[in-house]
file work22.pdb (PDB, C-alpha atoms)
ATOM      1  CA  MET A1152     125.988  96.966 103.005
ATOM      2  CA  SER A1153     124.967 100.604 103.145
ATOM      3  CA  ASP A1154     125.407 100.903  99.339
ATOM      4  CA  ILE A1155     122.784  98.212  98.805
ATOM      5  CA  LEU A1156     120.365  99.745 101.294
ATOM      6  CA  SER A1157     120.891 103.147  99.674
ATOM      7  CA  ALA A1158     120.134 101.702  96.237
ATOM      8  CA  ILE A1159     116.953 100.077  97.566
ATOM      9  CA  ALA A1160     115.838 103.330  99.171
ATOM     10  CA  ALA A1161     116.670 105.450  96.102
ATOM     11  CA  ARG A1162     115.130 103.234  93.425
ATOM     12  CA  SER A1163     111.767 104.081  91.894
ATOM     13  CA  SER A1164     110.062 103.109  88.647
ATOM     14  CA  THR A1165     111.258 105.149  85.675
ATOM     15  CA  ARG A1166     108.612 105.993  83.098
ATOM     16  CA  GLY A1167     110.662 108.041  80.647
ATOM     17  CA  TYR A1168     114.042 107.349  79.043
ATOM     18  CA  LYS A1169     116.665 109.146  76.996
ATOM     19  CA  ALA A1170     117.236 107.838  73.475
ATOM     20  CA  GLU A1171     120.706 106.521  74.375
ATOM     21  CA  LYS A1172     121.500 102.859  73.825
ATOM     22  CA  LEU A1173     123.107 100.911  76.636
ATOM     23  CA  THR A1174     126.746  99.989  76.290
ATOM     24  CA  GLU A1175     127.700  96.331  76.004
ATOM     25  CA  GLU A1176     129.227  96.594  79.476
ATOM     26  CA  GLN A1177     125.996  97.974  80.974
ATOM     27  CA  LEU A1178     123.866  95.288  79.328
ATOM     28  CA  HIS A1179     126.292  92.582  80.444
ATOM     29  CA  ALA A1180     126.246  93.891  84.039
ATOM     30  CA  LEU A1181     122.422  93.880  84.105
ATOM     31  CA  LEU A1182     122.197  90.356  82.734
ATOM     32  CA  GLN A1183     124.920  89.166  85.092
ATOM     33  CA  GLY A1184     122.889  90.585  87.987
ATOM     34  CA  GLY A1185     119.893  88.549  86.836
ATOM     35  CA  LEU A1186     121.953  85.408  86.346
ATOM     36  CA  GLN A1187     123.393  85.700  89.850
ATOM     37  CA  ALA A1188     119.954  85.646  91.467
ATOM     38  CA  PRO A1189     119.316  82.573  93.591
ATOM     39  CA  THR A1190     116.790  80.026  92.366
ATOM     40  CA  ALA A1191     114.868  77.351  94.245
ATOM     41  CA  ALA A1192     116.905  74.152  94.539
ATOM     42  CA  ASN A1193     119.528  75.931  92.381
ATOM     43  CA  ARG A1194     117.453  74.944  89.324
ATOM     44  CA  GLN A1195     118.550  78.030  87.381
ATOM     45  CA  GLU A1196     115.382  77.650  85.315
ATOM     46  CA  ILE A1197     115.284  81.315  84.312
ATOM     47  CA  HIS A1198     116.130  82.638  80.837
ATOM     48  CA  PHE A1199     116.759  86.251  79.811
ATOM     49  CA  THR A1200     116.063  87.819  76.421
ATOM     50  CA  ALA A1201     117.327  91.354  75.721
ATOM     51  CA  VAL A1202     115.339  93.308  73.128
ATOM     52  CA  GLN A1203     116.447  96.692  71.827
ATOM     53  CA  GLY A1204     113.831  99.420  72.273
ATOM     54  CA  ASP A1205     113.510 100.004  68.530
ATOM     55  CA  SER A1206     112.564  96.377  67.804
ATOM     56  CA  PRO A1207     109.234  95.983  65.934
ATOM     57  CA  LEU A1208     108.502  93.037  68.239
ATOM     58  CA  LEU A1209     107.857  95.436  71.127
ATOM     59  CA  GLY A1210     105.209  97.175  69.023
ATOM     60  CA  GLN A1211     103.538  93.843  68.288
ATOM     61  CA  ILE A1212     103.405  93.006  72.001
ATOM     62  CA  GLU A1213     102.060  96.502  72.743
ATOM     63  CA  GLN A1214      99.356  96.094  70.109
ATOM     64  CA  GLU A1215      98.266  92.724  71.515
ATOM     65  CA  LYS A1216      98.227  94.153  75.047
ATOM     66  CA  ASN A1217      95.996  96.992  73.871
ATOM     67  CA  VAL A1218      93.612  94.659  72.013
ATOM     68  CA  LEU A1219      93.189  92.496  75.111
ATOM     69  CA  ALA A1220      92.791  95.515  77.410
ATOM     70  CA  GLY A1221      90.321  97.190  75.066
ATOM     71  CA  ALA A1222      92.109 100.515  75.471
ATOM     72  CA  GLN A1223      94.809 102.614  73.877
ATOM     73  CA  PRO A1224      97.134 103.924  76.606
ATOM     74  CA  SER A1225      99.070 107.147  76.125
ATOM     75  CA  ALA A1226     102.485 105.477  76.629
ATOM     76  CA  ASN A1227     103.747 102.081  75.533
ATOM     77  CA  PHE A1228     104.422  99.436  78.146
ATOM     78  CA  TYR A1229     108.186 100.012  78.127
ATOM     79  CA  TYR A1230     108.094 103.843  78.010
ATOM     80  CA  ASP A1231     110.497 103.914  75.035
ATOM     81  CA  ALA A1232     113.370 102.462  77.062
ATOM     82  CA  PRO A1233     116.417 101.547  74.988
ATOM     83  CA  VAL A1234     116.279  97.918  76.144
ATOM     84  CA  VAL A1235     113.646  95.568  77.536
ATOM     85  CA  LEU A1236     114.710  92.381  79.284
ATOM     86  CA  PHE A1237     112.175  89.558  79.167
ATOM     87  CA  VAL A1238     112.408  86.891  81.845
ATOM     88  CA  SER A1239     111.006  83.484  80.969
ATOM     89  CA  GLY A1240     111.096  80.336  83.033
ATOM     90  CA  ASP A1241     110.288  76.658  83.186
ATOM     91  CA  ALA A1242     106.490  76.512  83.193
ATOM     92  CA  SER A1243     106.480  73.153  85.006
ATOM     93  CA  PHE A1244     108.498  74.265  88.062
ATOM     94  CA  PRO A1245     106.328  75.643  90.895
ATOM     95  CA  TRP A1246     108.867  78.246  92.059
ATOM     96  CA  THR A1247     109.634  79.798  88.677
ATOM     97  CA  ALA A1248     107.559  82.952  89.267
ATOM     98  CA  VAL A1249     109.321  83.599  92.579
ATOM     99  CA  ASP A1250     112.732  82.996  91.031
ATOM    100  CA  ALA A1251     111.920  85.359  88.142
ATOM    101  CA  GLY A1252     110.838  88.025  90.625
ATOM    102  CA  ILE A1253     114.114  87.732  92.497
ATOM    103  CA  ALA A1254     116.071  87.959  89.233
ATOM    104  CA  VAL A1255     114.197  91.035  88.004
ATOM    105  CA  GLU A1256     114.749  92.810  91.320
ATOM    106  CA  ASN A1257     118.472  92.056  91.040
ATOM    107  CA  ILE A1258     118.387  93.690  87.602
ATOM    108  CA  ALA A1259     116.497  96.724  88.942
ATOM    109  CA  LEU A1260     119.079  97.197  91.692
ATOM    110  CA  ALA A1261     121.946  96.683  89.242
ATOM    111  CA  ALA A1262     120.398  99.376  87.024
ATOM    112  CA  GLU A1263     120.192 101.745  89.984
ATOM    113  CA  GLY A1264     123.828 101.023  90.809
ATOM    114  CA  LEU A1265     124.791 101.853  87.208
ATOM    115  CA  GLY A1266     122.907 105.156  87.340
ATOM    116  CA  LEU A1267     120.165 103.832  85.031
ATOM    117  CA  GLY A1268     116.421 103.813  85.468
ATOM    118  CA  SER A1269     114.140 100.808  85.272
ATOM    119  CA  VAL A1270     110.507  99.810  85.453
ATOM    120  CA  ILE A1271     109.377  96.247  86.166
ATOM    121  CA  ILE A1272     106.655  95.207  83.728
ATOM    122  CA  GLY A1273     103.816  92.794  84.349
ATOM    123  CA  CYS A1274     101.056  94.505  82.321
ATOM    124  CA  ILE A1275     101.854  92.463  79.211
ATOM    125  CA  LYS A1276     101.244  89.101  80.891
ATOM    126  CA  ALA A1277      97.842  88.498  79.235
ATOM    127  CA  ALA A1278      99.323  89.292  75.812
ATOM    128  CA  MET A1279     102.375  87.112  76.412
ATOM    129  CA  LEU A1280     100.317  84.134  77.605
ATOM    130  CA  GLY A1281      97.329  84.582  75.274
ATOM    131  CA  GLU A1282      96.620  83.461  71.713
ATOM    132  CA  LYS A1283      99.996  84.709  70.464
ATOM    133  CA  LYS A1284     101.952  83.024  73.247
ATOM    134  CA  GLN A1285     103.816  80.624  70.963
ATOM    135  CA  SER A1286     104.739  83.212  68.358
ATOM    136  CA  PHE A1287     105.986  85.669  70.999
ATOM    137  CA  ALA A1288     107.923  82.919  72.797
ATOM    138  CA  GLN A1289     109.548  81.848  69.541
ATOM    139  CA  ALA A1290     110.370  85.428  68.507
ATOM    140  CA  LEU A1291     111.919  86.057  71.938
ATOM    141  CA  GLY A1292     113.943  82.846  71.886
ATOM    142  CA  PHE A1293     112.362  81.322  74.974
ATOM    143  CA  PRO A1294     113.588  77.759  75.585
ATOM    144  CA  GLU A1295     111.088  74.957  74.972
ATOM    145  CA  GLY A1296     108.643  74.646  77.889
ATOM    146  CA  TYR A1297     109.413  78.169  79.171
ATOM    147  CA  ASP A1298     106.738  80.837  79.633
ATOM    148  CA  PHE A1299     106.890  84.595  80.082
ATOM    149  CA  GLN A1300     107.249  85.565  83.742
ATOM    150  CA  VAL A1301     108.073  89.284  83.911
ATOM    151  CA  ALA A1302     109.954  91.981  81.998
ATOM    152  CA  ILE A1303     111.974  95.053  82.910
ATOM    153  CA  ALA A1304     112.702  98.145  80.830
ATOM    154  CA  VAL A1305     116.076  99.796  81.457
ATOM    155  CA  GLY A1306     117.874 102.899  80.265
ATOM    156  CA  PRO A1307     119.185 106.361  81.057
ATOM    157  CA  LYS A1308     116.522 108.333  82.921
ATOM    158  CA  ALA A1309     114.670 111.165  81.185
ATOM    159  CA  ALA A1310     112.040 111.278  83.934
ATOM    160  CA  SER A1311     112.221 110.619  87.627
ATOM    161  CA  LYS A1312     110.004 110.447  90.660
ATOM    162  CA  GLU A1313     110.507 110.116  94.358
ATOM    163  CA  PRO A1314     110.581 106.601  95.778
ATOM    164  CA  HIS A1315     107.339 105.628  97.488
ATOM    165  CA  ALA A1316     106.891 106.241 101.187
ATOM    166  CA  CYS A1317     106.906 103.260 103.525
ATOM    167  CA  ASP A1318     104.000 102.714 105.942
ATOM    168  CA  TRP A1319     105.280 100.561 108.776
ATOM    169  CA  GLU A1320     101.995 100.655 110.674
ATOM    170  CA  LYS A1321     100.042  99.283 107.718
ATOM    171  CA  ASN A1322     102.563  96.930 106.137
ATOM    172  CA  VAL A1323     104.688  95.457 108.930
ATOM    173  CA  THR A1324     103.964  93.118 111.825
ATOM    174  CA  VAL A1325     106.771  92.090 114.139
ATOM    175  CA  LEU A1326     105.964  89.226 116.498
TER     176      LEU A1326
END
call {"tool": "encode", "arguments": {"input": "work22.pdb", "output": "structure tokens"}}
result
Amino acid sequence: MSDILSAIAARSSTRGYKAEKLTEEQLHALLQGGLQAPTAANRQEIHFTAVQGDSPLLGQIEQEKNVLAGAQPSANFYYDAPVVLFVSGDASFPWTAVDAGIAVENIALAAEGLGLGSVIIGCIKAAMLGEKKQSFAQALGFPEGYDFQVAIAVGPKAASKEPHACDWEKNVTVL
């Protein structure tokens, strides 16, 4: 139990990665962590797509994000991570977003346990659900009727930061 609590306390978003690809074993462990996440009514309505960081598709998503935001950020949405995992889910099921959130947190904690960094990505949602929704979904191999939910970039850390401080007075009520 203390290993899990230590991983939770140590984890922070990584916004800089080394140019090292993940091993098959690392990628498998991350995806297994996502697959083992619980889902409402055990629907298992979540799908994972792994995209290598050098894929041109990531640049297309970045470009669409920038067009919709009307700005050109200094870093891309995945901070040049060697892999980005896209989580899609059944658009008709009301608990899909919650289930995807649980799965992506499992992946983030698995990454921490493997000594890897990660950053959970929501900033591409407008691009993923906008005019190019169908083409992105097809390119990413989303099952029919599944929509983008969230993504996570993972890789060896080239940058780090301290985990955020917790404010019990502001964020916790115990009755």
call {"tool": "closest_residue", "arguments": {"input": "work22.pdb", "among": "A:Gly1252, A:Gln1289, A:Trp1319, A:Gln1300", "to": "Pro1189 of chain A", "atoms": "only C-alpha atoms"}}
result
A:Gly1252
call {"tool": "atom_distance", "arguments": {"input": "work22.pdb", "atom1": "atom CA of Lys1283 of chain A", "atom2": "atom CA of Ala1188 of chain A"}}
result
29.0 Å
call {"tool": "closest_residue", "arguments": {"input": "work22.pdb", "among": "A:Glu1313, A:Glu1263, A:Asp1241, A:Asp1250", "to": "Ala1180 of chain A", "atoms": "all atoms listed in the file"}}
result
A:Glu1263
call {"tool": "residues_around", "arguments": {"input": "work22.pdb", "residues": "Glu1171 of chain A", "least_positions_apart": "6", "cutoff": "10 Å", "atoms": "all atoms listed in the file", "output": "PyMOL selection string"}}
result
chain A and resi 1232-1234+1306-1308
call {"tool": "resolve_selection", "arguments": {"input": "work22.pdb", "expression": "the PyMOL selection byres ((chain A and resi 1262) around 10)", "output": "tab-separated table (two decimals) with C-alpha atoms, keeping the file's coordinate frame"}}
result
chain	number	residue	atom	x	y	z
A	1158	ALA	CA	120.13	101.70	96.24
A	1162	ARG	CA	115.13	103.23	93.42
A	1177	GLN	CA	126.00	97.97	80.97
A	1178	LEU	CA	123.87	95.29	79.33
A	1180	ALA	CA	126.25	93.89	84.04
A	1181	LEU	CA	122.42	93.88	84.10
A	1184	GLY	CA	122.89	90.58	87.99
A	1256	GLU	CA	114.75	92.81	91.32
A	1257	ASN	CA	118.47	92.06	91.04
A	1258	ILE	CA	118.39	93.69	87.60
A	1259	ALA	CA	116.50	96.72	88.94
A	1260	LEU	CA	119.08	97.20	91.69
A	1261	ALA	CA	121.95	96.68	89.24
A	1263	GLU	CA	120.19	101.74	89.98
A	1264	GLY	CA	123.83	101.02	90.81
A	1265	LEU	CA	124.79	101.85	87.21
A	1266	GLY	CA	122.91	105.16	87.34
A	1267	LEU	CA	120.16	103.83	85.03
A	1268	GLY	CA	116.42	103.81	85.47
A	1269	SER	CA	114.14	100.81	85.27
A	1304	ALA	CA	112.70	98.14	80.83
A	1305	VAL	CA	116.08	99.80	81.46
A	1306	GLY	CA	117.87	102.90	80.26
A	1307	PRO	CA	119.18	106.36	81.06
call {"tool": "closest_residue", "arguments": {"input": "work22.pdb", "among": "A:Val1325, A:Val1270, A:Ala1310, A:Leu1291", "to": "Tyr1229 of chain A", "atoms": "all atoms listed in the file"}}
result
A:Val1270
call {"tool": "closest_residue", "arguments": {"input": "work22.pdb", "among": "A:Asn1322, A:Gln1223, A:Gln1187, A:Asn1217", "to": "Val1255 of chain A", "atoms": "only C-alpha atoms"}}
result
A:Gln1187
call {"tool": "axis_aligned_box", "arguments": {"input": "work22.pdb", "around": "segment 1187-1198 of chain A", "padding_each_side": "3 Å", "output": "lines of an AutoDock Vina configuration file"}}
result
center_x = 119.1
center_y = 79.9
center_z = 87.7
size_x = 14.5
size_y = 17.5
size_z = 19.7
